[in-house]
Amino acid sequence: MKRGLARAPHRAFLRATGLSDADIEKPFVAVMGPRSDITPCNLPIGALMDSVKTGIAAAGGVGRESGVAMVADSLSMGHQGMKFSLIARELIADSVEAVVRGHSFDGLVGIAGCDKSLPGLLMGMVRCNVPSVFLYGGSALPGHFRGADVTILDVYEGVGSVMRNALGPDDLAQLERCAIPTVGSCPGQFTANTMAMVAETLGFALPGGATMPAVHAARVALARESGHTVMRILSSGSPLPRDLVCRESLENACAVVAATGGSTNAVLHIPAIAHEAGIRFDADDVARVMARVPLLADMKPGGQYLAKDLHAVGGVAVVLRELLDGGHLHGDTLHVSGQTLREYLAQARRPEGRVVHACGAPLASTGGLAVLKGNLCPEGAWLKVAGLKTLTFSGPAHVFDSEESCSRAIRAREIQRGSVVVIRNEGPRGGPGMREMLGVTALIYGQGLGEEVALITDGRFSGATRGMCIGHASPEAAVGGVLALVRDQDVIDIDVRAGTIQVRLSDVELDDRRKLWRAPQSPLGGLLEKYAKAVQSASRGAVTHSGAVAWPQDLVDDT
């Protein structure tokens with residue numbers, strides 16, 4: 001980009017940004033993230049980008065800043081805007097590729113806050129495969145209401161509580177004013193914190209960053225150290241992102257999600273990261289790990305504690321070391337610190353038995369997520385089982401063709417105890433965009449129905465969702481999955497222990513209904529149309545391209 005006779009115009013542009021001759025000779029590192037004041041999740045990102053650039057400069061490089069597209073789940077939830085949430089993951093990965101490749105950057109530091117920015121940046125790093133370091137913006141501290149810690153989940157469920165007169169409107173007004181007292185991402189083991197732990201486990205992030213609250217001063221030092229680290233990798237040539245992402249490290253990532261009761265969204269994001277490295281790692285691979293890893297961390301929404309509590313007892317490294325000692329991790333995977341995972345964990349603390357339990361005394365013998373298969377979703381569907389009390393459920397279907405129609409029925413108190421709510425045409429292609437349905441699930445919980453109804457959808461759930469809520473049903477309804485054929489009053493049987501989900505219909509009846517089925521037609525344009533044409537099944541991570549490719553190297557004219 002900047003060497004040789006033919007690059008004189010390029011150097012002229014660089015000088016116009018304030019760079020000197022000496023600066024132009026140094027390595028250029030892209031510093032990318034959703035610098036934004038739209039949500040508290042991303043408010044810290046700008047200051048962290050500045051600190052990263054300081055670290056890069058101190059180590060002999062030049063940091064060049066670029067933003068990425070950002071759709072906040074917090075503000076798009078419960079309306080049509082949520083169709084753009086998962087799509088934003090692809091936009092971010094594509095942004096990283098375009099900026100890094102388009103400007104021939106030597107390295108990359110990616111900083112993320114809100115949910116989809118974490119996997120999006122990781123996917124972009126693996127796709128580009130230049131020296132890269134990931135940094136999480138950190139989670140918010142919880143609020144305090146009536147003597148207890150509260151999070152945004154309490155506000156969502158509070159809406160349903162007001163509807164059934166279990167909470168007064170004035171109480172809800174107080175709750176919404178105190179639930180998020182600082183900047184940062186949601187503090188429970190929701191999607192952002194789950195994926196931050198995945199990033200640290202895969203080896204992309206420096207130790208401690210996954211659980212350190214956003215407001216801790218030490219995060220500034222961590223940002224500078226991330227800048228130093230990317231320069232060290234540039235100097236040594238390793239490890240590159242595709243050195244970090246291998247089948248063993250992907251299994252480790254699944255293990256930390258299982259052991260902490262993490263978000264079901266990780267089931268989409270881990271296969272998508274693998275896809276960027278050219279590794280086929282699908283829902284079945286995730287499920288095999290989930291079935292063998294115990295639940296160790298007592299984290300909300302299924303448990304009692306938050307990211308700050310895990311940080312206080314030693315962070316995600318405590319969970320990882322216990323998993324390693326218990327034989328549930330591969331210790332020889334690589335880390336940007338220059339160590340193997342086993343070496344990185346050598347000084348980690350032991351579980352203290354409250355926030356994190358030992359493998360010998362787990363909260364549950366299998367992980368916090370479970371895959372269900374059967375004639376209703378032969379490619380699988382996912383359920384967060386951490387904290388779930390009811391493991392079997394049978395009931396008549398109450399079918400809705402959109403999230404909005406279901407939400408109206410819940411608000412009108414039309415959902416009966418014992419029923420199985422079905423929300424279809426909300427999958428990756430059918431939505432399009434595979435909307436997240438925390439608004440619906442929180443209303444159900446807030447109305448006191450909790451585990452007294454089940455919910456099945458080809459859409460997604462928030463990491464904050466709890467209860468008998470089954471998502472990612474694949475194949476989705478829009479492509480003719482069995483979910484499209486279900487009618488009101490069909491009986492659906494769910495058995496979490498057996499890993500099954502069945503609708504009581506014969507193959508003959510299903511074939512007869514399929515002959516009558518017609519794919520839903522909805523007018524599309526712009527980004528939604530492009531996404532619907534490209535996106536693959538949720539069981540493959542809802543990816544939108546064919547996988548890893550080698551990038552051609554330019555011949556450099558140094559004359």
# chains A, B, ... in the order shown; residues from 1 in each chain; ligands from 1
$ residues_around --residues "Asn265 in chain A" --least-positions-apart "6" --cutoff "9 Å" --atoms "only C-alpha atoms" --output "list in words"
Phe190, Thr191, Thr194, Met195, Arg460, Phe461, Ser462 and Gly463 of chain A
$ closest_atom_pairs --of "range 28-76 of chain A" --to "range 206-228 of chain A" --cutoff "9 Å" --atoms "only C-alpha atoms" --output "CSV"
residue,atom,partner,partner_atom,distance
A:Val29,CA,A:Gly227,CA,8.9
A:Cys41,CA,A:Ala214,CA,8.9
A:Pro44,CA,A:Ala214,CA,7.1
A:Ala47,CA,A:Val220,CA,8.2
A:Leu48,CA,A:Ala223,CA,6.0
A:Met49,CA,A:Ala223,CA,7.6
A:Asp50,CA,A:Ala223,CA,8.6
A:Ser51,CA,A:Arg224,CA,5.3
A:Val52,CA,A:Arg224,CA,4.7
A:Lys53,CA,A:Gly227,CA,6.4
A:Thr54,CA,A:Arg224,CA,6.3
A:Gly55,CA,A:Arg224,CA,4.1
A:Ile56,CA,A:Gly227,CA,4.4
A:Ala57,CA,A:Gly227,CA,8.0
A:Ala58,CA,A:His228,CA,7.4
A:Ala59,CA,A:His228,CA,5.6
A:Gly60,CA,A:His228,CA,8.8
A:Gly61,CA,A:Gly227,CA,8.9
A:Gly63,CA,A:Gly227,CA,8.5
$ closest_residue --among "A:Gly368, A:Gly143, A:Gly526, A:Pro34" --to "Pro301 in chain A" --atoms "only C-alpha atoms"
A:Gly368
$ residues_around --residues "Ser161 in chain A" --least-positions-apart "6" --cutoff "8 Å" --atoms "only C-alpha atoms" --output "ChimeraX atom specification"
/A:167,443,446-448
$ write_last_selection --atoms "N, CA and C atoms" --output "mmCIF file, in the first residue's frame"
data_model
loop_
_atom_site.group_PDB
_atom_site.id
_atom_site.type_symbol
_atom_site.label_atom_id
_atom_site.label_comp_id
_atom_site.auth_asym_id
_atom_site.auth_seq_id
_atom_site.Cartn_x
_atom_site.Cartn_y
_atom_site.Cartn_z
ATOM 1 N N LEU A 167 -46.690 -6.350 40.101
ATOM 2 C CA LEU A 167 -45.779 -5.221 40.278
ATOM 3 C C LEU A 167 -46.506 -3.967 39.821
ATOM 4 N N LEU A 443 -42.158 -11.737 28.894
ATOM 5 C CA LEU A 443 -43.576 -11.529 29.186
ATOM 6 C C LEU A 443 -44.200 -12.789 29.780
ATOM 7 N N GLY A 446 -42.839 -13.102 33.264
ATOM 8 C CA GLY A 446 -43.378 -12.050 34.108
ATOM 9 C C GLY A 446 -44.842 -12.252 34.456
ATOM 10 N N GLN A 447 -45.590 -12.937 33.583
ATOM 11 C CA GLN A 447 -46.996 -13.211 33.854
ATOM 12 C C GLN A 447 -47.178 -14.425 34.760
ATOM 13 N N GLY A 448 -46.088 -14.996 35.230
ATOM 14 C CA GLY A 448 -46.180 -16.107 36.165
ATOM 15 C C GLY A 448 -46.323 -17.461 35.507
#
$ residues_around --residues "Val109 in chain A" --least-positions-apart "6" --cutoff "7 Å" --atoms "only C-alpha atoms" --output "VMD selection string"
chain A and resid 30 to 32 132 to 134
$ write_last_selection --atoms "C-alpha atoms" --output "compact mmCIF listing (two decimals), in the first residue's frame"
# COMPACT_ATOMS: atom_id res chain seq x y z
CA ALA A 30 -6.27 -1.52 12.17
CA VAL A 31 -8.10 -0.75 15.42
CA MET A 32 -11.75 -1.57 14.80
CA SER A 132 -4.97 -10.09 15.64
CA VAL A 133 -5.97 -9.48 19.25
CA PHE A 134 -9.52 -9.22 20.61
$ select_by_dssp --residues "range 348-542 of chain A" --states "alpha helix (DSSP H)" --output "ChimeraX atom specification"
/A:403-411,438-446,507-516,526-534
$ residues_around --residues "His269 in chain A" --least-positions-apart "2" --cutoff "12 Å" --atoms "only C-alpha atoms" --output "VMD selection string"
chain A and resid 86 89 to 90 93 115 to 123 191 to 192 194 to 196 198 to 199 250 253 to 254 257 263 to 267 271 to 276 281 to 283 286 538 to 543
$ closest_atom_pairs --of "range 282-399 of chain A" --to "range 183-189 of chain A" --cutoff "8 Å" --atoms "only C-alpha atoms" --output "CSV"
residue,atom,partner,partner_atom,distance
A:Met299,CA,A:Gln189,CA,5.9
A:Lys300,CA,A:Gly188,CA,5.2
A:Pro301,CA,A:Gly188,CA,6.5
A:Tyr305,CA,A:Gly188,CA,7.3
A:Leu306,CA,A:Gly188,CA,4.8
A:Ala307,CA,A:Pro187,CA,5.6
A:Lys308,CA,A:Pro187,CA,7.4
$ closest_residue --among "A:Ile279, A:Val535, A:Ala287, A:Ala454" --to "Ala255 in chain A" --atoms "only C-alpha atoms"
A:Ala287
$ residues_around --residues "range 374-385 of chain A" --least-positions-apart "6" --cutoff "6 Å" --atoms "only C-alpha atoms" --output "list in words"
Gly368, Ile470, Gly471, His472, Ala473, Ser474, Val482, Thr500, Ile501, Gln502 and Val503 of chain A
$ write_last_selection --atoms "N, CA, C and O atoms" --output "compact mmCIF listing (two decimals), in the first residue's frame"
# COMPACT_ATOMS: atom_id res chain seq x y z
N GLY A 368 -24.88 -26.37 30.42
CA GLY A 368 -26.06 -25.53 30.54
C GLY A 368 -26.92 -25.45 29.31
O GLY A 368 -27.97 -24.80 29.33
N ILE A 470 -37.31 -23.13 23.52
CA ILE A 470 -36.52 -23.93 22.59
C ILE A 470 -36.42 -23.16 21.27
O ILE A 470 -37.43 -22.83 20.66
N GLY A 471 -35.20 -22.85 20.87
CA GLY A 471 -34.99 -22.06 19.66
C GLY A 471 -34.13 -22.75 18.64
O GLY A 471 -33.66 -23.86 18.83
N HIS A 472 -33.92 -22.04 17.51
CA HIS A 472 -33.07 -22.52 16.42
C HIS A 472 -33.64 -23.78 15.78
O HIS A 472 -32.88 -24.59 15.23
N ALA A 473 -34.95 -24.01 15.87
CA ALA A 473 -35.53 -25.23 15.30
C ALA A 473 -35.19 -25.31 13.81
O ALA A 473 -35.53 -24.41 13.04
N SER A 474 -34.53 -26.39 13.42
CA SER A 474 -34.05 -26.53 12.06
C SER A 474 -34.44 -27.89 11.48
O SER A 474 -34.40 -28.89 12.20
N VAL A 482 -40.62 -29.05 9.36
CA VAL A 482 -41.87 -29.59 9.93
C VAL A 482 -42.59 -28.54 10.76
O VAL A 482 -43.82 -28.57 10.87
N THR A 500 -35.10 -35.30 23.02
CA THR A 500 -36.06 -35.48 21.92
C THR A 500 -37.14 -34.40 21.94
O THR A 500 -37.49 -33.86 22.98
N ILE A 501 -37.66 -34.13 20.75
CA ILE A 501 -38.79 -33.23 20.58
C ILE A 501 -39.61 -33.75 19.40
O ILE A 501 -39.11 -33.85 18.29
N GLN A 502 -40.85 -34.13 19.67
CA GLN A 502 -41.68 -34.80 18.69
C GLN A 502 -43.06 -34.14 18.61
O GLN A 502 -43.59 -33.69 19.63
N VAL A 503 -43.60 -34.09 17.42
CA VAL A 503 -45.01 -33.75 17.26
C VAL A 503 -45.74 -35.05 16.95
O VAL A 503 -45.27 -35.86 16.14
